[in-house]
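Chemist: Structure file upload-v6.txt (compact mmCIF, C-alpha atoms (C1' of nucleotides) and all ligand atoms) right here:
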```txt
# COMPACT_ATOMS: atom_id res chain seq x y z
CA MET A 1 -28.08 16.20 17.04
CA ARG A 2 -25.53 16.25 14.38
CA LEU A 3 -23.91 19.08 12.53
CA SER A 4 -23.84 18.39 8.79
CA THR A 5 -20.56 17.62 7.11
CA GLN A 6 -20.92 20.75 5.03
CA SER A 7 -20.98 22.88 8.13
CA ARG A 8 -17.97 21.21 9.63
CA TYR A 9 -16.02 21.39 6.40
CA GLY A 10 -17.19 24.92 5.78
CA VAL A 11 -15.91 26.21 9.08
CA ARG A 12 -12.62 24.44 8.65
CA ALA A 13 -12.23 25.80 5.14
CA VAL A 14 -12.84 29.39 6.13
CA PHE A 15 -10.51 28.95 9.06
CA ASP A 16 -7.89 27.53 6.73
CA ILE A 17 -7.98 30.61 4.54
CA ALA A 18 -7.59 32.86 7.54
CA TYR A 19 -4.81 30.81 9.07
CA HIS A 20 -2.71 29.89 6.08
CA GLY A 21 -3.69 32.57 3.63
CA GLY A 22 -2.06 35.66 5.02
CA GLY A 23 -4.23 37.96 2.95
CA GLU A 24 -3.51 36.23 -0.36
CA GLY A 25 -6.06 34.15 -2.20
CA VAL A 26 -6.02 30.51 -1.26
CA GLN A 27 -6.73 27.76 -3.72
CA ILE A 28 -9.19 24.96 -3.21
CA LYS A 29 -6.63 22.28 -3.83
CA ASP A 30 -4.43 23.61 -1.02
CA ILE A 31 -7.31 23.81 1.42
CA ALA A 32 -8.37 20.35 0.38
CA ARG A 33 -4.89 18.98 0.95
CA ARG A 34 -4.37 20.59 4.34
CA GLN A 35 -7.84 19.80 5.63
CA GLU A 36 -8.09 16.42 3.94
CA ILE A 37 -11.38 17.18 2.25
CA SER A 38 -12.41 16.21 -1.28
CA PRO A 39 -11.66 19.26 -3.47
CA ARG A 40 -14.72 18.68 -5.60
CA TYR A 41 -16.92 18.63 -2.57
CA LEU A 42 -15.31 21.80 -1.25
CA GLU A 43 -16.25 23.58 -4.46
CA GLN A 44 -19.91 23.20 -3.66
CA ILE A 45 -19.48 24.50 -0.19
CA PHE A 46 -17.54 27.51 -1.40
CA GLN A 47 -20.33 28.25 -3.80
CA LYS A 48 -22.62 28.82 -0.86
CA LEU A 49 -20.04 30.71 1.12
CA ARG A 50 -19.48 33.01 -1.80
CA ASP A 51 -23.16 33.67 -2.39
CA ALA A 52 -23.47 34.51 1.29
CA GLY A 53 -20.70 37.05 1.05
CA ILE A 54 -18.33 35.29 3.42
CA VAL A 55 -15.56 34.73 0.90
CA THR A 56 -14.64 36.29 -2.42
CA SER A 57 -13.22 34.45 -5.38
CA LYS A 58 -10.85 35.14 -8.19
CA ARG A 59 -10.34 32.90 -11.20
CA GLY A 60 -7.32 32.11 -13.24
CA PRO A 61 -3.68 31.64 -12.32
CA ARG A 62 -2.88 32.84 -8.80
CA GLY A 63 -6.61 32.97 -8.23
CA GLY A 64 -8.40 31.43 -5.31
CA TYR A 65 -10.61 32.35 -2.40
CA SER A 66 -10.13 35.10 0.14
CA LEU A 67 -12.11 36.22 3.15
CA ALA A 68 -14.62 38.93 2.38
CA LYS A 69 -14.25 40.32 5.90
CA SER A 70 -11.60 40.23 8.56
CA PRO A 71 -11.42 37.10 10.71
CA GLU A 72 -12.82 38.94 13.76
CA GLU A 73 -15.90 39.81 11.79
CA ILE A 74 -16.75 36.31 10.64
CA ARG A 75 -18.78 34.43 13.18
CA LEU A 76 -19.32 30.71 13.03
CA VAL A 77 -23.05 31.26 13.02
CA ASP A 78 -22.72 33.02 9.67
CA ILE A 79 -21.07 30.03 8.11
CA ILE A 80 -23.28 27.44 9.69
CA ARG A 81 -26.45 29.24 8.79
CA VAL A 82 -25.42 29.01 5.17
CA THR A 83 -24.20 25.43 5.11
CA GLU A 84 -26.85 24.07 7.40
CA GLY A 85 -29.75 26.18 6.32
CA GLY A 86 -30.77 27.38 9.75
CA LEU A 87 -30.01 26.11 13.21
CA GLU A 88 -33.49 25.25 14.35
CA PRO A 89 -33.68 21.63 15.43
CA VAL A 90 -37.07 21.02 13.79
CA PHE A 91 -39.12 22.47 11.01
CA CYS A 92 -42.11 23.22 13.22
CA VAL A 93 -40.13 26.00 14.83
CA HIS A 94 -40.44 28.23 11.83
CA PRO A 95 -43.43 27.06 9.85
CA GLU A 96 -43.42 30.29 7.90
CA LYS A 97 -39.93 29.58 6.62
CA SER A 98 -40.17 25.95 5.69
CA GLY A 99 -43.41 26.47 3.85
CA LYS A 100 -45.50 23.70 5.31
CA ASP A 101 -46.91 24.43 8.69
CA CYS A 102 -47.72 21.90 11.33
CA ASP A 103 -51.31 21.89 12.50
CA ARG A 104 -50.23 20.95 16.00
CA VAL A 105 -48.49 24.25 16.60
CA ALA A 106 -51.22 25.66 18.81
CA LYS A 107 -51.20 22.81 21.29
CA CYS A 108 -47.56 21.75 21.03
CA VAL A 109 -45.30 22.43 23.99
CA THR A 110 -42.20 20.77 22.68
CA ARG A 111 -42.00 23.22 19.85
CA LEU A 112 -41.22 25.99 22.32
CA ILE A 113 -38.45 23.91 23.79
CA TRP A 114 -36.83 23.14 20.46
CA LYS A 115 -36.98 26.77 19.64
CA GLU A 116 -35.18 27.73 22.82
CA ALA A 117 -32.55 25.08 22.21
CA GLY A 118 -31.93 26.43 18.75
CA GLU A 119 -31.51 29.89 20.16
CA LYS A 120 -28.99 28.72 22.72
CA LEU A 121 -26.99 27.09 19.99
CA GLU A 122 -27.24 30.12 17.81
CA ASP A 123 -26.01 32.35 20.60
CA PHE A 124 -23.04 30.14 21.14
CA PHE A 125 -22.01 30.01 17.50
CA ASP A 126 -22.51 33.73 17.37
CA SER A 127 -19.97 34.19 20.13
CA VAL A 128 -17.15 32.46 18.26
CA THR A 129 -15.25 34.11 15.44
CA ILE A 130 -12.74 32.81 12.95
CA GLN A 131 -10.16 34.91 14.72
CA ASP A 132 -10.83 32.91 17.89
CA LEU A 133 -10.13 29.73 16.00
CA CYS A 134 -6.85 31.10 14.70
CA GLU A 135 -5.74 32.00 18.19
CA LYS A 136 -6.67 28.63 19.55
CA SER A 137 -4.82 27.00 16.71
CA GLU A 138 -1.65 28.94 17.44
CA LEU A 139 -1.92 27.84 21.03
CA LEU A 140 -2.13 24.28 19.80
CA GLY A 141 1.07 24.92 17.88
CA VAL A 142 -0.31 24.21 14.44
CA GLN A 143 2.27 25.17 11.82
CA LYS A 144 1.30 27.96 9.46
CA GLU A 145 1.92 27.26 5.83
CA ARG A 146 2.36 30.71 4.40
CA GLY A 147 1.45 31.24 0.82
CA ARG A 148 2.67 30.04 -2.48
CA SER A 149 6.05 31.72 -2.05
CA LEU A 150 7.34 28.55 -0.47
CA MET A 151 6.68 26.62 -3.61
CA TYR A 152 8.62 28.99 -5.77
CA TYR A 153 11.69 29.51 -3.66
CA ILE A 154 12.36 25.94 -2.72
CA MET B 1 -28.56 20.76 13.23
CA ARG B 2 -31.55 18.61 13.43
CA LEU B 3 -32.99 16.60 16.25
CA SER B 4 -33.99 13.14 15.10
CA THR B 5 -37.63 12.26 14.80
CA GLN B 6 -37.19 9.62 17.46
CA SER B 7 -36.09 12.23 19.94
CA ARG B 8 -38.95 14.54 19.15
CA TYR B 9 -41.48 11.74 19.28
CA GLY B 10 -39.86 10.31 22.39
CA VAL B 11 -40.19 13.50 24.36
CA ARG B 12 -43.76 14.01 23.23
CA ALA B 13 -44.64 10.44 24.15
CA VAL B 14 -43.23 10.67 27.67
CA PHE B 15 -44.92 13.99 28.11
CA ASP B 16 -48.18 12.47 26.93
CA ILE B 17 -48.05 9.80 29.60
CA ALA B 18 -47.40 12.39 32.28
CA TYR B 19 -50.08 14.73 31.06
CA HIS B 20 -52.90 12.41 30.19
CA GLY B 21 -52.02 9.37 32.25
CA GLY B 22 -52.75 10.50 35.77
CA GLY B 23 -50.73 7.71 37.28
CA GLU B 24 -52.43 4.96 35.29
CA GLY B 25 -50.74 3.06 32.50
CA VAL B 26 -51.20 4.62 29.10
CA GLN B 27 -51.52 2.58 25.96
CA ILE B 28 -49.54 3.06 22.83
CA LYS B 29 -52.59 3.42 20.67
CA ASP B 30 -53.85 6.32 22.78
CA ILE B 31 -50.53 8.09 22.73
CA ALA B 32 -50.32 7.50 19.02
CA ARG B 33 -53.78 8.95 18.48
CA ARG B 34 -53.27 12.03 20.60
CA GLN B 35 -49.80 12.78 19.32
CA GLU B 36 -50.50 11.71 15.75
CA ILE B 37 -47.58 9.33 15.58
CA SER B 38 -47.52 5.90 13.96
CA PRO B 39 -48.16 3.37 16.75
CA ARG B 40 -45.78 0.87 15.18
CA TYR B 41 -43.02 3.40 15.18
CA LEU B 42 -43.75 4.40 18.75
CA GLU B 43 -43.24 0.81 19.85
CA GLN B 44 -39.62 0.97 18.84
CA ILE B 45 -39.06 4.18 20.70
CA PHE B 46 -40.66 2.84 23.84
CA GLN B 47 -38.38 -0.13 23.70
CA LYS B 48 -35.44 2.19 24.16
CA LEU B 49 -37.16 4.26 26.79
CA ARG B 50 -37.96 1.12 28.73
CA ASP B 51 -34.43 -0.24 28.53
CA ALA B 52 -33.18 3.12 29.78
CA GLY B 53 -35.47 2.95 32.77
CA ILE B 54 -37.54 5.98 31.87
CA VAL B 55 -40.84 4.15 31.56
CA THR B 56 -42.18 0.85 32.81
CA SER B 57 -44.53 -1.41 30.93
CA LYS B 58 -47.36 -3.72 31.77
CA ARG B 59 -48.94 -6.17 29.38
CA GLY B 60 -52.45 -7.40 28.94
CA PRO B 61 -55.81 -5.68 29.27
CA ARG B 62 -55.53 -2.37 31.07
CA GLY B 63 -51.81 -2.59 30.52
CA GLY B 64 -49.65 0.12 29.01
CA TYR B 65 -46.72 2.31 29.82
CA SER B 66 -46.15 4.39 32.93
CA LEU B 67 -43.42 6.73 34.00
CA ALA B 68 -40.70 5.04 36.01
CA LYS B 69 -40.07 8.25 37.94
CA SER B 70 -42.04 11.35 38.76
CA PRO B 71 -42.28 14.02 36.05
CA GLU B 72 -39.97 16.36 37.95
CA GLU B 73 -37.27 13.74 37.90
CA ILE B 74 -37.31 13.07 34.19
CA ARG B 75 -35.12 15.49 32.29
CA LEU B 76 -35.29 15.91 28.55
CA VAL B 77 -31.61 15.11 28.32
CA ASP B 78 -32.33 11.62 29.63
CA ILE B 79 -34.78 10.93 26.86
CA ILE B 80 -32.76 12.51 24.10
CA ARG B 81 -29.60 10.73 25.08
CA VAL B 82 -31.42 7.46 24.56
CA THR B 83 -33.21 8.26 21.35
CA GLU B 84 -30.41 10.25 19.79
CA GLY B 85 -27.47 8.31 21.09
CA GLY B 86 -25.53 11.25 22.47
CA LEU B 87 -25.76 14.96 21.86
CA GLU B 88 -22.32 15.60 20.49
CA PRO B 89 -22.55 17.26 17.11
CA VAL B 90 -19.72 15.20 15.58
CA PHE B 91 -18.05 11.90 16.17
CA CYS B 92 -14.58 13.36 16.57
CA VAL B 93 -15.66 14.77 19.89
CA HIS B 94 -15.59 11.41 21.58
CA PRO B 95 -13.31 9.17 19.56
CA GLU B 96 -13.15 6.72 22.43
CA LYS B 97 -16.91 6.19 22.28
CA SER B 98 -17.49 5.90 18.59
CA GLY B 99 -14.65 3.49 18.15
CA LYS B 100 -12.87 5.03 15.22
CA ASP B 101 -10.67 7.95 16.10
CA CYS B 102 -9.82 10.81 13.84
CA ASP B 103 -6.11 11.34 13.22
CA ARG B 104 -6.60 15.08 13.02
CA VAL B 105 -7.55 15.40 16.66
CA ALA B 106 -4.19 16.81 17.73
CA LYS B 107 -4.24 19.71 15.30
CA CYS B 108 -7.98 20.29 15.05
CA VAL B 109 -9.44 23.42 16.59
CA THR B 110 -12.99 22.97 15.46
CA ARG B 111 -13.31 19.82 17.49
CA LEU B 112 -13.06 21.86 20.68
CA ILE B 113 -15.80 24.14 19.45
CA TRP B 114 -18.17 21.32 18.58
CA LYS B 115 -17.56 19.86 21.96
CA GLU B 116 -18.46 23.08 23.70
CA ALA B 117 -21.59 23.43 21.60
CA GLY B 118 -22.66 19.93 22.58
CA GLU B 119 -22.18 20.75 26.20
CA LYS B 120 -24.27 23.88 25.95
CA LEU B 121 -27.06 21.90 24.41
CA GLU B 122 -26.77 19.19 26.99
CA ASP B 123 -26.95 21.72 29.80
CA PHE B 124 -30.08 23.17 28.34
CA PHE B 125 -31.86 19.87 27.93
CA ASP B 126 -30.76 18.99 31.41
CA SER B 127 -32.53 22.03 32.75
CA VAL B 128 -35.94 21.06 31.41
CA THR B 129 -38.10 18.38 33.00
CA ILE B 130 -41.28 16.68 31.92
CA GLN B 131 -43.02 18.52 34.73
CA ASP B 132 -42.02 21.78 33.08
CA LEU B 133 -43.66 20.65 29.88
CA CYS B 134 -46.84 19.75 31.72
CA GLU B 135 -47.02 23.18 33.30
CA LYS B 136 -46.43 24.90 30.00
CA SER B 137 -49.09 22.79 28.43
CA GLU B 138 -51.65 23.73 31.05
CA LEU B 139 -50.82 27.34 30.41
CA LEU B 140 -51.51 26.73 26.75
CA GLY B 141 -54.85 25.34 27.78
CA VAL B 142 -54.39 21.90 26.33
CA GLN B 143 -57.25 19.68 27.40
CA LYS B 144 -56.34 16.73 29.59
CA GLU B 145 -57.85 13.47 28.54
CA ARG B 146 -58.05 11.55 31.75
CA GLY B 147 -57.90 7.82 31.57
CA ARG B 148 -59.97 5.11 30.08
CA SER B 149 -62.91 5.87 32.33
CA LEU B 150 -64.26 8.21 29.69
CA MET B 151 -64.59 5.39 27.24
CA TYR B 152 -66.63 3.28 29.59
CA TYR B 153 -69.05 5.83 30.88
CA ILE B 154 -69.97 7.50 27.65
C1' DA C 1 -2.27 31.29 -27.26
C1' DC C 2 -2.04 28.67 -23.09
C1' DA C 3 -2.20 26.98 -18.62
C1' DT C 4 -4.63 27.69 -14.45
C1' DT C 5 -8.33 28.05 -11.44
C1' DA C 6 -13.06 29.05 -10.29
C1' DT C 7 -18.29 28.30 -11.84
C1' DC C 8 -22.28 25.89 -12.88
C1' DT C 9 -25.42 22.07 -13.45
C1' DA C 10 -26.36 17.56 -13.25
C1' DC C 11 -25.78 13.05 -11.73
C1' DT C 12 -24.64 8.88 -8.58
C1' DA C 13 -23.68 6.34 -4.49
C1' DA C 14 -23.90 5.70 0.22
C1' DA C 15 -25.86 6.17 4.55
C1' DT C 16 -29.38 7.23 7.59
C1' DT C 17 -33.97 7.64 9.02
C1' DA C 18 -38.63 6.70 9.17
C1' DG C 19 -41.87 3.52 9.02
C1' DT C 20 -44.04 -1.34 8.33
C1' DC C 21 -44.83 -6.16 9.31
C1' DA C 22 -45.48 -10.68 11.44
C1' DA C 23 -45.13 -13.93 14.97
C1' DG C 24 -44.90 -14.41 19.89
C1' DA C 25 -45.35 -14.06 25.00
C1' DA C 26 -47.34 -12.22 29.25
C1' DA C 27 -51.11 -10.65 31.84
C1' DA C 28 -55.87 -9.79 32.83
C1' DA C 29 -60.81 -10.60 32.20
C1' DT C 30 -64.43 -13.76 31.49
C1' DA D 1 -59.16 -22.67 30.58
C1' DT D 2 -59.91 -19.66 26.99
C1' DT D 3 -59.94 -15.44 24.93
C1' DT D 4 -58.59 -10.83 24.46
C1' DT D 5 -55.64 -7.27 25.06
C1' DT D 6 -51.33 -5.29 24.94
C1' DC D 7 -46.51 -5.21 25.00
C1' DT D 8 -42.01 -7.65 22.80
C1' DT D 9 -38.74 -8.84 19.42
C1' DG D 10 -36.36 -8.73 15.36
C1' DA D 11 -36.33 -8.36 10.64
C1' DC D 12 -37.59 -5.90 6.57
C1' DT D 13 -38.65 -1.95 3.23
C1' DA D 14 -39.18 2.68 1.56
C1' DA D 15 -38.04 7.32 1.57
C1' DT D 16 -35.04 10.94 2.27
C1' DT D 17 -30.87 13.14 2.98
C1' DT D 18 -26.06 13.52 2.63
C1' DA D 19 -21.76 12.99 0.61
C1' DG D 20 -19.29 12.78 -3.23
C1' DT D 21 -18.25 12.69 -8.58
C1' DA D 22 -18.12 14.47 -13.22
C1' DG D 23 -17.84 17.36 -17.30
C1' DA D 24 -18.24 21.39 -19.74
C1' DT D 25 -17.52 26.56 -19.33
C1' DA D 26 -15.74 31.13 -18.11
C1' DA D 27 -12.37 34.20 -16.40
C1' DT D 28 -7.54 35.50 -15.59
C1' DG D 29 -2.58 35.98 -15.65
C1' DT D 30 1.74 35.03 -18.28
S1 LIG E 1 -45.45 22.12 16.30
FE1 LIG E 1 -45.35 20.49 14.91
S2 LIG E 1 -45.23 18.77 16.22
FE2 LIG E 1 -44.93 20.43 17.56
S1 LIG E 2 -10.93 15.99 15.18
FE1 LIG E 2 -11.59 14.92 13.45
S2 LIG E 2 -11.74 16.53 11.98
FE2 LIG E 2 -11.46 17.59 13.85
```
Write the structure described by the file as C-alpha cells, please.
Modeler:
Amino acid sequence: MRLSTQSRYGVRAVFDIAYHGGGEGVQIKDIARRQEISPRYLEQIFQKLRDAGIVTSKRGPRGGYSLAKSPEEIRLVDIIRVTEGGLEPVFCVHPEKSGKDCDRVAKCVTRLIWKEAGEKLEDFFDSVTIQDLCEKSELLGVQKERGRSLMYYI
Amino acid sequence: MRLSTQSRYGVRAVFDIAYHGGGEGVQIKDIARRQEISPRYLEQIFQKLRDAGIVTSKRGPRGGYSLAKSPEEIRLVDIIRVTEGGLEPVFCVHPEKSGKDCDRVAKCVTRLIWKEAGEKLEDFFDSVTIQDLCEKSELLGVQKERGRSLMYYI
DNA sequence: ACATTATCTACTAAATTAGTCAAGAAAAAT
DNA sequence: ATTTTTCTTGACTAATTTAGTAGATAATGT
C-alpha cells in the first residue's frame, strides 16, 4: 500500500510554498532545492495542481507558484486526489469511474472491504490541512527561508 | 494508493478456503476456478501464506490447503502484511526496516503524516476477520460449493 | 530587446508487478 | 511398487507503471 511519489512530492511542494513563501510566489527551482526534488519532475506535478485549482502560477521574472487558497483551506486529500487519481485501493471499487467493470462485483465481498478502507484513508487525509503541516514543522524547528529578499540584500 | 494484486488475491484465496472448504483441504485449482485467478500465480501467494503460518498444506491426492487457524482468528492485516510487505505508505516511515534511511527525517513533517495514515489503515485491516467476510458473503447470497463430494456423486 | 520563469508535449529509463514455466518431492490410492 | 495427484522451489519473461528527462514555446517584468 504505497503512496505514489507524485503524491508525496506534491504535498511537500504545496507545504513548501506555504511555509517558505510568505504570500509571495515561489519558484520551482527553490522548491526543488529545499525539498531535494528534480525541478523538471516538479513541473509536471504542478501542472496537475494548477489544473485542480490548488495553486496559481505566474510567468516571467519574479513569477512562480502561489497557493490558490489559504493553508487552512487546503486539505491533503485535495492534493492526493489529484496526484494519485483517487484513493480507492482497487479499481473494482468504482467500476463506473475506471470504465471497465468487474463481472464479479455482485458476488465479491472483498470489494466492500477495500471500499471501506479507502474511505477511512480519505477521511484521514481530509482531516489534515497544509496549515497543520506548517505548525508541526515550526514545532520541529525547521528554519523558514523567507522570500527572495535574502538574495538581494546579502 | 493501491493494494497489490497479491494482497487482493491473497485475501480472496484465504476467504475461499474458509467459505467453500468446510474444514477439508482445498485445492489450488478449485480456488483458482472459483476466484478466477491464475493457478500458477496463486501458488506463489500460498507459499508466502504458508510460511507466515496462515494456511497449512498437504500434498498428494485429496491434498490441498487448509486454514491454520479458525476464521475468527485470521485478520486481514495478517494476510496483507505478508503479501504486501508492510502497510506503511512510504519507506521513510521505517528507515530501520528498509535499510536505507532518508537524511531528511529530522526536518520532514510529511513523514509523520504518512506514518499516521499507515496506522489508521492497519487498525482497520486488523478489525476485519475472515469470519466477517464469510458472514457478509452469506448475506450476499453467494452459493457455497461444499467439497469434492459433489464431483463424485454427480 | 532581453532575461526569466512557467507551459506543453513527447520521449526514455528504471523499477515493479503480474504472470509463466519446468523439474522435483511428498503423500495417497490402487 | 507404481502411478497419480498435488504441493514446492526457483528461475524466467512480459506487461505495466512510475519516475525522470528534454526541447521548444509563451508570458512577464526590467
Ligand atoms: S469486484 Fe472485482 S474482484 Fe471484487
Ligand atoms: S523522511 Fe524521507 S522525505 Fe520525509
Chemist: For a quick test of understanding: name the residues of chain B lying within 10 Å of chain C when counting only C-alpha atoms (C1' of nucleotides), and present them as a short mmCIF file (atom, residue, chain, number, x, y, z; two decimals) with C-alpha atoms, in the coordinates of the input.
Modeler:
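File selection16.cif, as written:
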```cif
data_model
loop_
_atom_site.label_atom_id
_atom_site.label_comp_id
_atom_site.auth_asym_id
_atom_site.auth_seq_id
_atom_site.Cartn_x
_atom_site.Cartn_y
_atom_site.Cartn_z
CA SER B 4 -33.99 13.14 15.10
CA THR B 5 -37.63 12.26 14.80
CA GLN B 6 -37.19 9.62 17.46
CA SER B 38 -47.52 5.90 13.96
CA PRO B 39 -48.16 3.37 16.75
CA ARG B 40 -45.78 0.87 15.18
CA TYR B 41 -43.02 3.40 15.18
CA LEU B 42 -43.75 4.40 18.75
CA LYS B 58 -47.36 -3.72 31.77
CA ARG B 59 -48.94 -6.17 29.38
CA GLY B 60 -52.45 -7.40 28.94
CA PRO B 61 -55.81 -5.68 29.27
CA ARG B 62 -55.53 -2.37 31.07
CA GLY B 63 -51.81 -2.59 30.52
#
```
Chemist: Give the superposed chain A as a CSV table (one decimal) with C-alpha atoms, in the frame of the given file, the fit being least squares on chain B over all ordered C-alpha pairs.
Modeler:
```csv
chain,number,residue,atom,x,y,z
A,1,MET,CA,-28.5,20.8,13.2
A,2,ARG,CA,-31.5,18.7,13.4
A,3,LEU,CA,-33.0,16.7,16.2
A,4,SER,CA,-34.0,13.2,15.1
A,5,THR,CA,-37.6,12.3,14.8
A,6,GLN,CA,-37.2,9.7,17.4
A,7,SER,CA,-36.1,12.3,19.9
A,8,ARG,CA,-39.0,14.6,19.1
A,9,TYR,CA,-41.5,11.8,19.2
A,10,GLY,CA,-39.9,10.3,22.3
A,11,VAL,CA,-40.2,13.5,24.3
A,12,ARG,CA,-43.8,14.0,23.2
A,13,ALA,CA,-44.7,10.5,24.1
A,14,VAL,CA,-43.2,10.7,27.6
A,15,PHE,CA,-44.9,14.0,28.1
A,16,ASP,CA,-48.2,12.5,26.9
A,17,ILE,CA,-48.0,9.8,29.6
A,18,ALA,CA,-47.4,12.4,32.2
A,19,TYR,CA,-50.1,14.8,31.0
A,20,HIS,CA,-52.9,12.4,30.2
A,21,GLY,CA,-52.0,9.4,32.2
A,22,GLY,CA,-52.8,10.5,35.7
A,23,GLY,CA,-50.7,7.7,37.2
A,24,GLU,CA,-52.4,4.9,35.3
A,25,GLY,CA,-50.7,3.0,32.5
A,26,VAL,CA,-51.2,4.6,29.1
A,27,GLN,CA,-51.5,2.6,25.9
A,28,ILE,CA,-49.5,3.1,22.8
A,29,LYS,CA,-52.6,3.4,20.6
A,30,ASP,CA,-53.8,6.3,22.7
A,31,ILE,CA,-50.5,8.1,22.7
A,32,ALA,CA,-50.3,7.5,19.0
A,33,ARG,CA,-53.8,9.0,18.4
A,34,ARG,CA,-53.3,12.1,20.6
A,35,GLN,CA,-49.8,12.8,19.3
A,36,GLU,CA,-50.5,11.7,15.7
A,37,ILE,CA,-47.6,9.4,15.5
A,38,SER,CA,-47.5,5.9,13.9
A,39,PRO,CA,-48.2,3.4,16.7
A,40,ARG,CA,-45.8,0.9,15.2
A,41,TYR,CA,-43.0,3.4,15.2
A,42,LEU,CA,-43.7,4.4,18.7
A,43,GLU,CA,-43.2,0.8,19.8
A,44,GLN,CA,-39.6,1.0,18.8
A,45,ILE,CA,-39.0,4.2,20.6
A,46,PHE,CA,-40.6,2.9,23.8
A,47,GLN,CA,-38.3,-0.1,23.6
A,48,LYS,CA,-35.4,2.2,24.1
A,49,LEU,CA,-37.2,4.3,26.7
A,50,ARG,CA,-37.9,1.2,28.7
A,51,ASP,CA,-34.4,-0.2,28.5
A,52,ALA,CA,-33.2,3.2,29.7
A,53,GLY,CA,-35.4,3.0,32.7
A,54,ILE,CA,-37.5,6.0,31.8
A,55,VAL,CA,-40.8,4.2,31.5
A,56,THR,CA,-42.1,0.9,32.8
A,57,SER,CA,-44.4,-1.4,30.9
A,58,LYS,CA,-47.2,-3.8,31.6
A,59,ARG,CA,-48.7,-6.2,29.1
A,60,GLY,CA,-52.2,-7.5,28.7
A,61,PRO,CA,-55.6,-5.9,29.1
A,62,ARG,CA,-55.4,-2.5,30.9
A,63,GLY,CA,-51.7,-2.7,30.4
A,64,GLY,CA,-49.6,0.1,28.9
A,65,TYR,CA,-46.7,2.3,29.8
A,66,SER,CA,-46.1,4.4,32.9
A,67,LEU,CA,-43.4,6.7,34.0
A,68,ALA,CA,-40.7,5.1,36.0
A,69,LYS,CA,-40.0,8.3,37.9
A,70,SER,CA,-42.0,11.4,38.7
A,71,PRO,CA,-42.3,14.0,36.0
A,72,GLU,CA,-40.0,16.4,37.9
A,73,GLU,CA,-37.3,13.8,37.9
A,74,ILE,CA,-37.3,13.1,34.1
A,75,ARG,CA,-35.2,15.5,32.3
A,76,LEU,CA,-35.3,16.0,28.5
A,77,VAL,CA,-31.6,15.2,28.3
A,78,ASP,CA,-32.4,11.7,29.6
A,79,ILE,CA,-34.8,11.0,26.8
A,80,ILE,CA,-32.8,12.6,24.1
A,81,ARG,CA,-29.6,10.8,25.1
A,82,VAL,CA,-31.4,7.5,24.5
A,83,THR,CA,-33.2,8.3,21.3
A,84,GLU,CA,-30.4,10.3,19.8
A,85,GLY,CA,-27.5,8.4,21.1
A,86,GLY,CA,-25.6,11.3,22.5
A,87,LEU,CA,-25.8,15.0,21.9
A,88,GLU,CA,-22.3,15.6,20.5
A,89,PRO,CA,-22.6,17.3,17.1
A,90,VAL,CA,-19.7,15.2,15.6
A,91,PHE,CA,-18.1,11.8,16.2
A,92,CYS,CA,-14.6,13.3,16.6
A,93,VAL,CA,-15.7,14.7,19.9
A,94,HIS,CA,-15.7,11.4,21.6
A,95,PRO,CA,-13.4,9.1,19.6
A,96,GLU,CA,-13.3,6.7,22.5
A,97,LYS,CA,-17.0,6.2,22.3
A,98,SER,CA,-17.6,5.9,18.6
A,99,GLY,CA,-14.8,3.4,18.2
A,100,LYS,CA,-13.0,4.9,15.3
A,101,ASP,CA,-10.8,7.8,16.2
A,102,CYS,CA,-9.9,10.7,13.9
A,103,ASP,CA,-6.2,11.2,13.4
A,104,ARG,CA,-6.6,14.9,13.2
A,105,VAL,CA,-7.6,15.2,16.8
A,106,ALA,CA,-4.3,16.6,17.9
A,107,LYS,CA,-4.3,19.5,15.5
A,108,CYS,CA,-8.0,20.1,15.2
A,109,VAL,CA,-9.4,23.3,16.7
A,110,THR,CA,-13.0,22.9,15.5
A,111,ARG,CA,-13.3,19.7,17.6
A,112,LEU,CA,-13.1,21.8,20.7
A,113,ILE,CA,-15.8,24.1,19.5
A,114,TRP,CA,-18.2,21.3,18.6
A,115,LYS,CA,-17.6,19.8,22.0
A,116,GLU,CA,-18.5,23.1,23.7
A,117,ALA,CA,-21.6,23.4,21.6
A,118,GLY,CA,-22.7,19.9,22.6
A,119,GLU,CA,-22.2,20.8,26.2
A,120,LYS,CA,-24.3,23.9,25.9
A,121,LEU,CA,-27.1,21.9,24.4
A,122,GLU,CA,-26.8,19.2,27.0
A,123,ASP,CA,-27.0,21.8,29.8
A,124,PHE,CA,-30.1,23.2,28.3
A,125,PHE,CA,-31.9,19.9,27.9
A,126,ASP,CA,-30.8,19.0,31.4
A,127,SER,CA,-32.6,22.1,32.7
A,128,VAL,CA,-36.0,21.1,31.4
A,129,THR,CA,-38.1,18.4,33.0
A,130,ILE,CA,-41.3,16.7,31.9
A,131,GLN,CA,-43.0,18.5,34.7
A,132,ASP,CA,-42.1,21.8,33.1
A,133,LEU,CA,-43.7,20.7,29.9
A,134,CYS,CA,-46.9,19.8,31.7
A,135,GLU,CA,-47.1,23.2,33.2
A,136,LYS,CA,-46.4,24.9,30.0
A,137,SER,CA,-49.1,22.8,28.4
A,138,GLU,CA,-51.7,23.8,31.0
A,139,LEU,CA,-50.8,27.4,30.4
A,140,LEU,CA,-51.5,26.8,26.7
A,141,GLY,CA,-54.9,25.4,27.7
A,142,VAL,CA,-54.4,21.9,26.3
A,143,GLN,CA,-57.3,19.7,27.4
A,144,LYS,CA,-56.4,16.7,29.6
A,145,GLU,CA,-57.9,13.5,28.5
A,146,ARG,CA,-58.0,11.6,31.8
A,147,GLY,CA,-57.8,7.8,31.6
A,148,ARG,CA,-59.9,5.1,30.2
A,149,SER,CA,-62.7,5.8,32.6
A,150,LEU,CA,-64.2,8.1,30.0
A,151,MET,CA,-64.6,5.3,27.6
A,152,TYR,CA,-66.5,3.2,30.0
A,153,TYR,CA,-68.9,5.7,31.4
A,154,ILE,CA,-70.0,7.3,28.2
```
Chemist: What are the residues of chain A that have an atom within 7 Å of an atom of chain B, counting all atoms listed in the file, as a list of chain:residue names?
Modeler: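 Listed by rising number, the hits are A:Met1, A:Arg2, A:Leu3, A:Ser4, A:Arg12, A:Glu84, A:Leu87, A:Glu88, A:Pro89, A:Val90, A:Lys107, A:Val109, A:Thr110, A:Ala117, A:Leu121, A:Phe124, A:Leu133, A:Lys136, A:Ser137, A:Leu140, A:Val142.
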Chemist: Residues of chain D near chain A: apply a cut-off of 9 Å, count all atoms listed in the file, and supply the list as a PyMOL selection string.
Modeler: chain D and resi 18-21+26-30
